[in-house]
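Structure file input.pdb; described as PDB, C-alpha atoms.
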MODEL        1
ATOM      1  CA  MET A   1      10.233  67.474  32.141
ATOM      2  CA  ASP A   2      10.076  69.179  35.539
ATOM      3  CA  ILE A   3      13.070  71.443  36.246
ATOM      4  CA  THR A   4      14.099  72.273  39.796
ATOM      5  CA  THR A   5      17.126  73.471  41.718
ATOM      6  CA  GLU A   6      17.056  70.846  44.475
ATOM      7  CA  ALA A   7      17.320  67.058  44.609
ATOM      8  CA  ARG A   8      14.237  64.962  45.283
ATOM      9  CA  THR A   9      13.877  61.462  46.628
ATOM     10  CA  ALA A  10      11.719  60.059  43.817
ATOM     11  CA  GLY A  11      10.589  60.650  40.262
ATOM     12  CA  LEU A  12      12.207  61.865  37.053
ATOM     13  CA  TYR A  13      13.230  65.501  36.965
ATOM     14  CA  VAL A  14      16.072  67.848  36.007
ATOM     15  CA  ILE A  15      18.238  69.875  38.386
ATOM     16  CA  GLN A  16      19.334  73.160  36.838
ATOM     17  CA  GLN A  17      22.415  75.080  37.965
ATOM     18  CA  THR A  18      23.118  78.406  36.271
ATOM     19  CA  GLY A  19      26.462  80.172  36.605
ATOM     20  CA  MET A  20      30.144  79.513  35.906
ATOM     21  CA  GLN A  21      30.729  76.001  34.587
ATOM     22  CA  LYS A  22      33.972  74.059  34.140
ATOM     23  CA  TRP A  23      34.945  71.753  31.301
ATOM     24  CA  ALA A  24      37.911  69.417  31.070
ATOM     25  CA  GLU A  25      40.312  70.196  28.250
ATOM     26  CA  ASP A  26      43.488  68.181  27.563
ATOM     27  CA  HIS A  27      45.282  68.217  30.926
ATOM     28  CA  GLY A  28      43.469  71.197  32.372
ATOM     29  CA  THR A  29      40.091  72.885  32.548
ATOM     30  CA  TRP A  30      38.392  75.946  31.173
ATOM     31  CA  GLN A  31      35.346  77.742  32.448
ATOM     32  CA  ALA A  32      32.618  80.005  31.167
ATOM     33  CA  HIS A  33      29.140  81.121  32.088
ATOM     34  CA  GLY A  34      26.546  78.530  31.321
ATOM     35  CA  VAL A  35      24.011  76.080  32.641
ATOM     36  CA  ARG A  36      24.299  72.557  33.991
ATOM     37  CA  LEU A  37      21.425  70.089  33.818
ATOM     38  CA  ASP A  38      21.360  66.840  35.784
ATOM     39  CA  LEU A  39      18.715  64.346  34.713
ATOM     40  CA  MET A  40      17.720  62.545  37.899
ATOM     41  CA  ASP A  41      15.726  59.486  38.887
ATOM     42  CA  GLY A  42      15.130  60.184  42.535
ATOM     43  CA  THR A  43      18.616  60.625  43.999
ATOM     44  CA  ARG A  44      20.338  58.816  41.118
ATOM     45  CA  ARG A  45      21.928  60.861  38.355
ATOM     46  CA  LEU A  46      21.157  59.401  34.925
ATOM     47  CA  ALA A  47      22.990  61.934  32.766
ATOM     48  CA  LEU A  48      24.334  65.471  32.897
ATOM     49  CA  CYS A  49      24.729  68.264  30.404
ATOM     50  CA  LYS A  50      26.769  71.485  30.576
ATOM     51  CA  LEU A  51      26.223  74.259  28.053
ATOM     52  CA  GLU A  52      28.084  77.529  27.581
ATOM     53  CA  ILE A  53      25.406  80.221  27.322
ATOM     54  CA  PRO A  54      24.768  83.773  28.576
ATOM     55  CA  GLN A  55      22.720  84.022  31.750
ATOM     56  CA  ALA A  56      19.871  85.811  29.991
ATOM     57  CA  LYS A  57      19.330  82.827  27.702
ATOM     58  CA  ALA A  58      20.067  80.076  30.230
ATOM     59  CA  ASP A  59      16.509  79.329  31.373
ATOM     60  CA  ASN A  60      15.038  79.074  27.881
ATOM     61  CA  ARG A  61      17.904  76.918  26.674
ATOM     62  CA  ALA A  62      17.647  74.687  29.735
ATOM     63  CA  ARG A  63      13.951  74.097  29.102
ATOM     64  CA  ALA A  64      14.588  73.265  25.446
ATOM     65  CA  VAL A  65      17.344  70.766  26.223
ATOM     66  CA  ALA A  66      15.278  69.181  29.005
ATOM     67  CA  GLU A  67      12.374  68.748  26.581
ATOM     68  CA  GLU A  68      14.715  67.156  24.037
ATOM     69  CA  ILE A  69      15.948  64.527  26.507
ATOM     70  CA  GLU A  70      12.515  63.762  27.986
ATOM     71  CA  PRO A  71      11.606  61.118  25.356
ATOM     72  CA  TRP A  72      14.761  59.267  26.412
ATOM     73  CA  SER A  73      14.095  59.445  30.152
ATOM     74  CA  GLN A  74      12.637  55.945  30.543
ATOM     75  CA  ALA A  75      15.371  54.474  28.349
ATOM     76  CA  LEU A  76      17.976  56.208  30.515
ATOM     77  CA  VAL A  77      16.437  54.641  33.624
ATOM     78  CA  ARG A  78      16.852  51.266  31.957
ATOM     79  CA  LEU A  79      20.349  52.161  30.759
ATOM     80  CA  ALA A  80      21.301  52.657  34.408
ATOM     81  CA  ALA A  81      19.869  49.213  35.185
ATOM     82  CA  VAL A  82      21.956  47.732  32.372
ATOM     83  CA  ALA A  83      25.033  49.453  33.818
ATOM     84  CA  ASP A  84      24.302  47.905  37.219
ATOM     85  CA  ALA A  85      24.026  44.441  35.670
ATOM     86  CA  ARG A  86      27.259  44.949  33.741
ATOM     87  CA  ALA A  87      28.990  45.959  36.967
ATOM     88  CA  GLN A  88      27.816  42.727  38.608
ATOM     89  CA  MET A  89      29.019  40.729  35.616
ATOM     90  CA  THR A  90      32.419  42.415  35.770
ATOM     91  CA  ARG A  91      32.648  41.572  39.449
ATOM     92  CA  LEU A  92      31.672  37.973  38.742
ATOM     93  CA  VAL A  93      34.291  37.630  36.000
ATOM     94  CA  ALA A  94      37.031  38.463  38.512
ATOM     95  CA  LEU A  95      35.565  36.162  41.181
ATOM     96  CA  THR A  96      35.108  33.317  38.700
ATOM     97  CA  ALA A  97      38.671  33.661  37.464
ATOM     98  CA  ALA A  98      39.978  33.485  41.042
ATOM     99  CA  ALA A  99      37.736  30.511  41.843
ATOM    100  CA  MET A 100      38.832  28.721  38.664
ATOM    101  CA  GLU A 101      42.492  29.279  39.481
ATOM    102  CA  ALA A 102      41.968  27.737  42.923
ATOM    103  CA  ASP A 103      40.019  24.841  41.420
ATOM    104  CA  THR A 104      42.595  24.144  38.688
ATOM    105  CA  ASN A 105      45.538  24.202  41.052
ATOM    106  CA  GLY A 106      43.844  22.484  43.978
ATOM    107  CA  TRP A 107      44.343  25.510  46.185
ATOM    108  CA  PRO A 108      42.031  26.363  49.098
ATOM    109  CA  LEU A 109      39.383  28.889  48.120
ATOM    110  CA  GLU A 110      40.249  32.274  49.585
ATOM    111  CA  ASP A 111      37.777  33.632  52.095
ATOM    112  CA  TYR A 112      37.047  36.818  50.160
ATOM    113  CA  ILE A 113      36.036  34.829  47.071
ATOM    114  CA  ARG A 114      33.687  32.622  49.068
ATOM    115  CA  ASP A 115      32.228  35.582  50.974
ATOM    116  CA  ASP A 116      31.675  37.687  47.842
ATOM    117  CA  LEU A 117      30.024  34.841  45.928
ATOM    118  CA  LEU A 118      27.785  33.997  48.866
ATOM    119  CA  ALA A 119      26.783  37.655  49.135
ATOM    120  CA  LEU A 120      25.742  37.640  45.469
ATOM    121  CA  ALA A 121      23.884  34.319  45.611
ATOM    122  CA  THR A 122      20.287  33.560  46.524
ATOM    123  CA  GLU A 123      19.343  30.825  48.979
ATOM    124  CA  ASP A 124      18.229  28.586  46.117
ATOM    125  CA  GLU A 125      21.527  29.105  44.320
ATOM    126  CA  VAL A 126      23.480  28.162  47.441
ATOM    127  CA  SER A 127      21.398  24.998  47.781
ATOM    128  CA  GLU A 128      21.967  24.149  44.127
ATOM    129  CA  ALA A 129      25.723  24.637  44.477
ATOM    130  CA  LYS A 130      25.794  22.390  47.540
ATOM    131  CA  ARG A 131      24.014  19.667  45.565
ATOM    132  CA  SER A 132      26.901  19.649  43.088
ATOM    133  CA  GLY A 133      28.873  17.621  45.639
ATOM    134  CA  ALA A 134      32.037  19.631  44.988
ATOM    135  CA  PRO A 135      34.234  20.092  48.093
ATOM    136  CA  GLU A 136      34.534  23.810  47.268
ATOM    137  CA  TRP A 137      30.900  24.284  46.242
ATOM    138  CA  ALA A 138      31.132  27.993  47.088
ATOM    139  CA  GLY A 139      33.791  28.342  44.386
ATOM    140  CA  MET A 140      33.263  27.389  40.753
ATOM    141  CA  PRO A 141      29.882  25.646  41.194
ATOM    142  CA  LEU A 142      28.370  28.712  42.821
ATOM    143  CA  ALA A 143      30.156  31.115  40.475
ATOM    144  CA  ARG A 144      28.662  29.380  37.421
ATOM    145  CA  ILE A 145      25.155  29.432  38.875
ATOM    146  CA  VAL A 146      25.235  33.090  39.917
ATOM    147  CA  THR A 147      26.824  34.142  36.617
ATOM    148  CA  ALA A 148      24.078  32.362  34.658
ATOM    149  CA  ARG A 149      21.421  34.319  36.552
ATOM    150  CA  TRP A 150      23.117  37.658  35.976
ATOM    151  CA  ARG A 151      23.701  36.863  32.300
ATOM    152  CA  ALA A 152      19.973  36.255  31.929
ATOM    153  CA  GLU A 153      19.228  39.392  33.945
ATOM    154  CA  LEU A 154      21.475  41.483  31.687
ATOM    155  CA  ALA A 155      19.661  40.136  28.630
ATOM    156  CA  ALA A 156      16.284  40.972  30.199
ATOM    157  CA  ARG A 157      17.442  44.489  31.014
ATOM    158  CA  HIS A 158      18.701  44.949  27.469
ATOM    159  CA  LEU A 159      15.304  43.972  26.104
ATOM    160  CA  ALA A 160      13.634  46.429  28.483
ATOM    161  CA  LEU A 161      16.014  49.143  27.263
ATOM    162  CA  LEU A 162      15.202  48.405  23.636
ATOM    163  CA  ALA A 163      11.484  48.555  24.386
ATOM    164  CA  ALA A 164      11.813  51.925  26.167
ATOM    165  CA  ALA A 165      13.909  53.709  23.535
ATOM    166  CA  PRO A 166      12.144  56.268  21.329
ATOM    167  CA  ASP A 167      12.570  56.507  17.569
ATOM    168  CA  VAL A 168      16.230  57.451  17.224
ATOM    169  CA  THR A 169      15.590  59.211  13.910
ATOM    170  CA  VAL A 170      13.029  61.504  15.522
ATOM    171  CA  HIS A 171      14.622  62.088  18.927
ATOM    172  CA  PRO A 172      18.385  62.660  18.761
ATOM    173  CA  ILE A 173      20.383  62.996  21.985
ATOM    174  CA  HIS A 174      22.172  66.338  22.354
ATOM    175  CA  PRO A 175      25.945  65.685  22.168
ATOM    176  CA  ALA A 176      26.552  67.614  25.396
ATOM    177  CA  TRP A 177      24.791  64.957  27.486
ATOM    178  CA  GLU A 178      27.321  62.860  29.390
ATOM    179  CA  GLN A 179      27.174  59.820  31.619
ATOM    180  CA  PRO A 180      27.827  60.163  35.367
ATOM    181  CA  ALA A 181      31.466  59.697  36.330
ATOM    182  CA  LEU A 182      32.454  56.036  36.578
ATOM    183  CA  TYR A 183      35.723  54.992  38.227
ATOM    184  CA  GLY A 184      36.878  58.594  37.882
ATOM    185  CA  ILE A 185      36.189  58.700  34.132
ATOM    186  CA  ILE A 186      34.212  61.759  33.055
ATOM    187  CA  GLY A 187      32.964  63.128  29.768
ATOM    188  CA  VAL A 188      31.639  59.846  28.369
ATOM    189  CA  SER A 189      29.001  60.571  25.723
ATOM    190  CA  THR A 190      25.493  59.497  26.705
ATOM    191  CA  ALA A 191      24.573  59.118  23.035
ATOM    192  CA  GLN A 192      27.495  56.754  22.405
ATOM    193  CA  VAL A 193      26.806  54.645  25.499
ATOM    194  CA  MET A 194      23.131  54.450  24.572
ATOM    195  CA  ALA A 195      24.026  53.456  20.994
ATOM    196  CA  ARG A 196      26.323  50.663  22.187
ATOM    197  CA  GLU A 197      23.781  49.254  24.605
ATOM    198  CA  LEU A 198      20.888  49.522  22.147
ATOM    199  CA  LEU A 199      22.957  47.596  19.607
ATOM    200  CA  ALA A 200      23.697  44.990  22.271
ATOM    201  CA  ALA A 201      19.980  44.893  23.075
ATOM    202  CA  TRP A 202      19.116  44.453  19.406
ATOM    203  CA  ALA A 203      21.554  41.524  19.266
ATOM    204  CA  VAL A 204      19.758  39.897  22.204
ATOM    205  CA  ALA A 205      16.402  40.329  20.453
ATOM    206  CA  ARG A 206      17.845  39.043  17.166
ATOM    207  CA  ASP A 207      19.149  35.912  18.859
ATOM    208  CA  LEU A 208      15.646  35.198  20.155
ATOM    209  CA  ARG A 209      14.179  35.172  16.664
ATOM    210  CA  ASP A 210      14.923  31.608  15.557
ATOM    211  CA  PRO A 211      13.761  29.793  18.709
ATOM    212  CA  LEU A 212      10.701  32.073  18.870
ATOM    213  CA  ILE A 213       9.674  31.256  15.304
ATOM    214  CA  THR A 214      10.221  27.555  15.942
ATOM    215  CA  TRP A 215       8.150  27.680  19.123
ATOM    216  CA  ALA A 216       5.368  29.694  17.494
ATOM    217  CA  VAL A 217       4.871  27.150  14.727
ATOM    218  CA  LYS A 218       5.533  23.917  16.585
ATOM    219  CA  GLU A 219       3.936  24.685  19.941
ATOM    220  CA  THR A 220       1.288  27.361  19.372
ATOM    221  CA  GLU A 221       0.328  26.123  15.902
ATOM    222  CA  LEU A 222       0.712  29.436  14.116
ATOM    223  CA  THR A 223       1.165  28.800  10.421
ATOM    224  CA  ARG A 224       4.299  29.687   8.511
ATOM    225  CA  THR A 225       2.201  32.237   6.637
ATOM    226  CA  ASP A 226       1.181  33.813   9.959
ATOM    227  CA  VAL A 227       4.814  34.095  11.002
ATOM    228  CA  GLN A 228       5.845  35.616   7.681
ATOM    229  CA  ARG A 229       3.011  38.152   7.802
ATOM    230  CA  ILE A 230       3.717  39.191  11.399
ATOM    231  CA  THR A 231       7.522  39.308  11.213
ATOM    232  CA  SER A 232       8.330  39.936   7.534
ATOM    233  CA  VAL A 233      10.912  37.166   7.839
ATOM    234  CA  SER A 234      11.327  35.503   4.455
ATOM    235  CA  ARG A 235       9.581  32.207   3.812
ATOM    236  CA  SER A 236      12.918  30.601   2.913
ATOM    237  CA  THR A 237      14.305  31.502   6.349
ATOM    238  CA  ILE A 238      11.219  30.135   8.084
ATOM    239  CA  ASN A 239      11.483  26.912   6.051
ATOM    240  CA  ARG A 240      15.155  26.608   6.964
ATOM    241  CA  LEU A 241      14.258  26.779  10.645
ATOM    242  CA  LEU A 242      11.362  24.331  10.243
ATOM    243  CA  PRO A 243      12.347  21.634   7.768
ATOM    244  CA  GLU A 244       9.614  19.231   6.770
TER     245      GLU A 244
ENDMDL
END
Conversion result in structure tokens:
Amino acid sequence: MDITTEARTAGLYVIQQTGMQKWAEDHGTWQAHGVRLDLMDGTRRLALCKLEIPQAKADNRARAVAEEIEPWSQALVRLAAVADARAQMTRLVALTAAAMEADTNGWPLEDYIRDDLLALATEDEVSEAKRSGAPEWAGMPLARIVTARWRAELAARHLALLAAAPDVTVHPIHPAWEQPALYGIIGVSTAQVMARELLAAWAVARDLRDPLITWAVKETELTRTDVQRITSVSRSTINRLLPE
């Protein structure tokens, strides 16, 4: 992993800052000499790490920690993409709730709801919502359509994250790595966030298993023996999914 002292516009690299560092503690802060590492993707911060260490040992320690996180770099890029999709979903939950309230009570749709949903929608989604025939097509009809796309996008990003993650038993994440501040919240463990999202990604992949096995046998004409050999799924499970 390339270590530098200045931000770049592209590529994966680490910014190193050596000197006095501050840490939050209870309701205050404490400081000591150490090193800060910011794992960057272009101008976007993916994770940061602050270590208390004497100046004489800072460079060697920085290189070691940067090498430890390097196998996770692509997964962290995809973790950021998952975070972006989750942020869109959170935004859509609030907009959908407001649109549903207006729809249920027969209230006029507020301009900010309409404007925000239109800003999130594609041209095709707007056309589809209009075809619903609903008077307030830019409310619930559009909210449902846009939410469906982002739900699928989140699932796709989770699968990409799962594919990019290294062997977790071989490449642990140093506990000092934190996520960038979000809504003023700092100190969130990168390892814990990664674990949560990888578990969510595994759940997405797990839920694809049954329809994939069914499709493989019924549409592509793989045999049940082929499926069992490739997947190690038990024959009884395969037979349950594909009754005679």
Check: Of the residues A:His158, A:Arg44, A:Arg131, A:Arg36, which is the one nearest to A:Val65, using all atoms listed in the file?
Finding: A:Arg36
Next item on the list: Skip stretch 230-236 of chain A itself and residues of its chain fewer than 4 positions away, then list as a list in words all residues within 12 Å of it, counting only C-alpha atoms.
Entry: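 Non-adjacent residues within range: Arg206, Arg209, Asp210, Leu212, Ile213, Ala216, Leu222, Thr223, Arg224, Thr225, Asp226, Arg240, Leu241, Leu242 and Pro243 of chain A.
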Selection to disk with C-alpha atoms, as a compact mmCIF listing (two decimals), keeping the file's coordinate frame:
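Here's the written file result-v9.txt:
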# COMPACT_ATOMS: atom_id res chain seq x y z
CA ARG A 206 17.84 39.04 17.17
CA ARG A 209 14.18 35.17 16.66
CA ASP A 210 14.92 31.61 15.56
CA LEU A 212 10.70 32.07 18.87
CA ILE A 213 9.67 31.26 15.30
CA ALA A 216 5.37 29.69 17.49
CA LEU A 222 0.71 29.44 14.12
CA THR A 223 1.16 28.80 10.42
CA ARG A 224 4.30 29.69 8.51
CA THR A 225 2.20 32.24 6.64
CA ASP A 226 1.18 33.81 9.96
CA ARG A 240 15.16 26.61 6.96
CA LEU A 241 14.26 26.78 10.64
CA LEU A 242 11.36 24.33 10.24
CA PRO A 243 12.35 21.63 7.77
Can you give me, as a compact mmCIF listing (two decimals) with C-alpha atoms, in the coordinates of the input, the residues this file yields under the PyMOL selection byres ((chain A and resi 15) around 7)?
# COMPACT_ATOMS: atom_id res chain seq x y z
CA ILE A 3 13.07 71.44 36.25
CA THR A 4 14.10 72.27 39.80
CA THR A 5 17.13 73.47 41.72
CA GLU A 6 17.06 70.85 44.48
CA ALA A 7 17.32 67.06 44.61
CA TYR A 13 13.23 65.50 36.97
CA VAL A 14 16.07 67.85 36.01
CA GLN A 16 19.33 73.16 36.84
CA GLN A 17 22.42 75.08 37.97
CA LEU A 37 21.42 70.09 33.82
CA ASP A 38 21.36 66.84 35.78
CA LEU A 39 18.72 64.35 34.71
Note to self: Evaluated on this file, the PyMOL selection byres ((chain A and resi 122) around 12) picks out some residues - which ones are they, written as a PyMOL selection string?
What the structure shows: chain A and resi 117-121+123-129+142-143+145-147+149-150
Checklist line | Pick from A:Val82, A:Ala32, A:Val188, A:Ala75 nearest to A:Asp167, counting all atoms listed in the file | finding: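 Closest to A:Asp167, using all atoms listed in the file: A:Ala75.
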Output requested as a PDB file, keeping the file's coordinate frame - stretch 111-134 of chain A, filled out with N, CA, C and O atoms.
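Dumped to selection.pdb:
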ATOM      1  N   ASP A 111      38.996  33.232  51.390  1.00  0.00           N
ATOM      2  CA  ASP A 111      37.777  33.632  52.095  1.00  0.00           C
ATOM      3  C   ASP A 111      37.015  34.738  51.368  1.00  0.00           C
ATOM      4  O   ASP A 111      35.777  34.721  51.316  1.00  0.00           O
ATOM      5  N   TYR A 112      37.743  35.692  50.785  1.00  0.00           N
ATOM      6  CA  TYR A 112      37.047  36.818  50.160  1.00  0.00           C
ATOM      7  C   TYR A 112      36.258  36.361  48.936  1.00  0.00           C
ATOM      8  O   TYR A 112      35.199  36.910  48.628  1.00  0.00           O
ATOM      9  N   ILE A 113      36.756  35.342  48.232  1.00  0.00           N
ATOM     10  CA  ILE A 113      36.036  34.829  47.071  1.00  0.00           C
ATOM     11  C   ILE A 113      34.736  34.171  47.529  1.00  0.00           C
ATOM     12  O   ILE A 113      33.654  34.423  46.998  1.00  0.00           O
ATOM     13  N   ARG A 114      34.863  33.309  48.528  1.00  0.00           N
ATOM     14  CA  ARG A 114      33.687  32.622  49.068  1.00  0.00           C
ATOM     15  C   ARG A 114      32.662  33.630  49.591  1.00  0.00           C
ATOM     16  O   ARG A 114      31.473  33.546  49.285  1.00  0.00           O
ATOM     17  N   ASP A 115      33.141  34.608  50.373  1.00  0.00           N
ATOM     18  CA  ASP A 115      32.228  35.582  50.974  1.00  0.00           C
ATOM     19  C   ASP A 115      31.523  36.427  49.915  1.00  0.00           C
ATOM     20  O   ASP A 115      30.309  36.694  50.011  1.00  0.00           O
ATOM     21  N   ASP A 116      32.272  36.849  48.886  1.00  0.00           N
ATOM     22  CA  ASP A 116      31.675  37.687  47.842  1.00  0.00           C
ATOM     23  C   ASP A 116      30.655  36.906  47.022  1.00  0.00           C
ATOM     24  O   ASP A 116      29.585  37.429  46.677  1.00  0.00           O
ATOM     25  N   LEU A 117      30.968  35.646  46.692  1.00  0.00           N
ATOM     26  CA  LEU A 117      30.024  34.841  45.928  1.00  0.00           C
ATOM     27  C   LEU A 117      28.765  34.545  46.742  1.00  0.00           C
ATOM     28  O   LEU A 117      27.649  34.586  46.220  1.00  0.00           O
ATOM     29  N   LEU A 118      28.938  34.252  48.016  1.00  0.00           N
ATOM     30  CA  LEU A 118      27.785  33.997  48.866  1.00  0.00           C
ATOM     31  C   LEU A 118      26.912  35.248  48.998  1.00  0.00           C
ATOM     32  O   LEU A 118      25.686  35.156  49.062  1.00  0.00           O
ATOM     33  N   ALA A 119      27.543  36.409  49.031  1.00  0.00           N
ATOM     34  CA  ALA A 119      26.783  37.655  49.135  1.00  0.00           C
ATOM     35  C   ALA A 119      25.959  37.922  47.873  1.00  0.00           C
ATOM     36  O   ALA A 119      24.899  38.546  47.937  1.00  0.00           O
ATOM     37  N   LEU A 120      26.446  37.430  46.733  1.00  0.00           N
ATOM     38  CA  LEU A 120      25.742  37.640  45.469  1.00  0.00           C
ATOM     39  C   LEU A 120      24.677  36.582  45.196  1.00  0.00           C
ATOM     40  O   LEU A 120      23.814  36.766  44.338  1.00  0.00           O
ATOM     41  N   ALA A 121      24.747  35.461  45.897  1.00  0.00           N
ATOM     42  CA  ALA A 121      23.884  34.319  45.611  1.00  0.00           C
ATOM     43  C   ALA A 121      22.572  34.382  46.384  1.00  0.00           C
ATOM     44  O   ALA A 121      22.494  34.961  47.462  1.00  0.00           O
ATOM     45  N   THR A 122      21.549  33.743  45.821  1.00  0.00           N
ATOM     46  CA  THR A 122      20.287  33.560  46.524  1.00  0.00           C
ATOM     47  C   THR A 122      20.355  32.254  47.322  1.00  0.00           C
ATOM     48  O   THR A 122      21.257  31.432  47.128  1.00  0.00           O
ATOM     49  N   GLU A 123      19.381  32.065  48.193  1.00  0.00           N
ATOM     50  CA  GLU A 123      19.343  30.825  48.979  1.00  0.00           C
ATOM     51  C   GLU A 123      19.217  29.602  48.067  1.00  0.00           C
ATOM     52  O   GLU A 123      19.860  28.570  48.303  1.00  0.00           O
ATOM     53  N   ASP A 124      18.403  29.703  47.042  1.00  0.00           N
ATOM     54  CA  ASP A 124      18.229  28.586  46.117  1.00  0.00           C
ATOM     55  C   ASP A 124      19.524  28.277  45.375  1.00  0.00           C
ATOM     56  O   ASP A 124      19.842  27.102  45.117  1.00  0.00           O
ATOM     57  N   GLU A 125      20.260  29.321  45.033  1.00  0.00           N
ATOM     58  CA  GLU A 125      21.527  29.105  44.320  1.00  0.00           C
ATOM     59  C   GLU A 125      22.559  28.438  45.229  1.00  0.00           C
ATOM     60  O   GLU A 125      23.335  27.586  44.777  1.00  0.00           O
ATOM     61  N   VAL A 126      22.576  28.813  46.487  1.00  0.00           N
ATOM     62  CA  VAL A 126      23.480  28.162  47.441  1.00  0.00           C
ATOM     63  C   VAL A 126      23.113  26.683  47.567  1.00  0.00           C
ATOM     64  O   VAL A 126      23.992  25.808  47.546  1.00  0.00           O
ATOM     65  N   SER A 127      21.836  26.390  47.674  1.00  0.00           N
ATOM     66  CA  SER A 127      21.398  24.998  47.781  1.00  0.00           C
ATOM     67  C   SER A 127      21.774  24.205  46.539  1.00  0.00           C
ATOM     68  O   SER A 127      22.223  23.054  46.625  1.00  0.00           O
ATOM     69  N   GLU A 128      21.608  24.824  45.376  1.00  0.00           N
ATOM     70  CA  GLU A 128      21.967  24.149  44.127  1.00  0.00           C
ATOM     71  C   GLU A 128      23.464  23.868  44.062  1.00  0.00           C
ATOM     72  O   GLU A 128      23.882  22.788  43.626  1.00  0.00           O
ATOM     73  N   ALA A 129      24.267  24.832  44.484  1.00  0.00           N
ATOM     74  CA  ALA A 129      25.723  24.637  44.477  1.00  0.00           C
ATOM     75  C   ALA A 129      26.134  23.522  45.428  1.00  0.00           C
ATOM     76  O   ALA A 129      27.009  22.707  45.117  1.00  0.00           O
ATOM     77  N   LYS A 130      25.486  23.448  46.578  1.00  0.00           N
ATOM     78  CA  LYS A 130      25.794  22.390  47.540  1.00  0.00           C
ATOM     79  C   LYS A 130      25.470  21.015  46.956  1.00  0.00           C
ATOM     80  O   LYS A 130      26.186  20.036  47.198  1.00  0.00           O
ATOM     81  N   ARG A 131      24.408  20.946  46.157  1.00  0.00           N
ATOM     82  CA  ARG A 131      24.014  19.667  45.565  1.00  0.00           C
ATOM     83  C   ARG A 131      24.994  19.179  44.514  1.00  0.00           C
ATOM     84  O   ARG A 131      24.938  18.017  44.095  1.00  0.00           O
ATOM     85  N   SER A 132      25.896  20.068  44.072  1.00  0.00           N
ATOM     86  CA  SER A 132      26.901  19.649  43.088  1.00  0.00           C
ATOM     87  C   SER A 132      27.857  18.613  43.652  1.00  0.00           C
ATOM     88  O   SER A 132      28.496  17.870  42.911  1.00  0.00           O
ATOM     89  N   GLY A 133      27.977  18.575  44.992  1.00  0.00           N
ATOM     90  CA  GLY A 133      28.873  17.621  45.639  1.00  0.00           C
ATOM     91  C   GLY A 133      30.324  18.030  45.614  1.00  0.00           C
ATOM     92  O   GLY A 133      31.189  17.294  46.131  1.00  0.00           O
ATOM     93  N   ALA A 134      30.643  19.172  45.040  1.00  0.00           N
ATOM     94  CA  ALA A 134      32.037  19.631  44.988  1.00  0.00           C
ATOM     95  C   ALA A 134      32.490  20.048  46.379  1.00  0.00           C
ATOM     96  O   ALA A 134      31.731  20.701  47.109  1.00  0.00           O
TER      97      ALA A 134
END
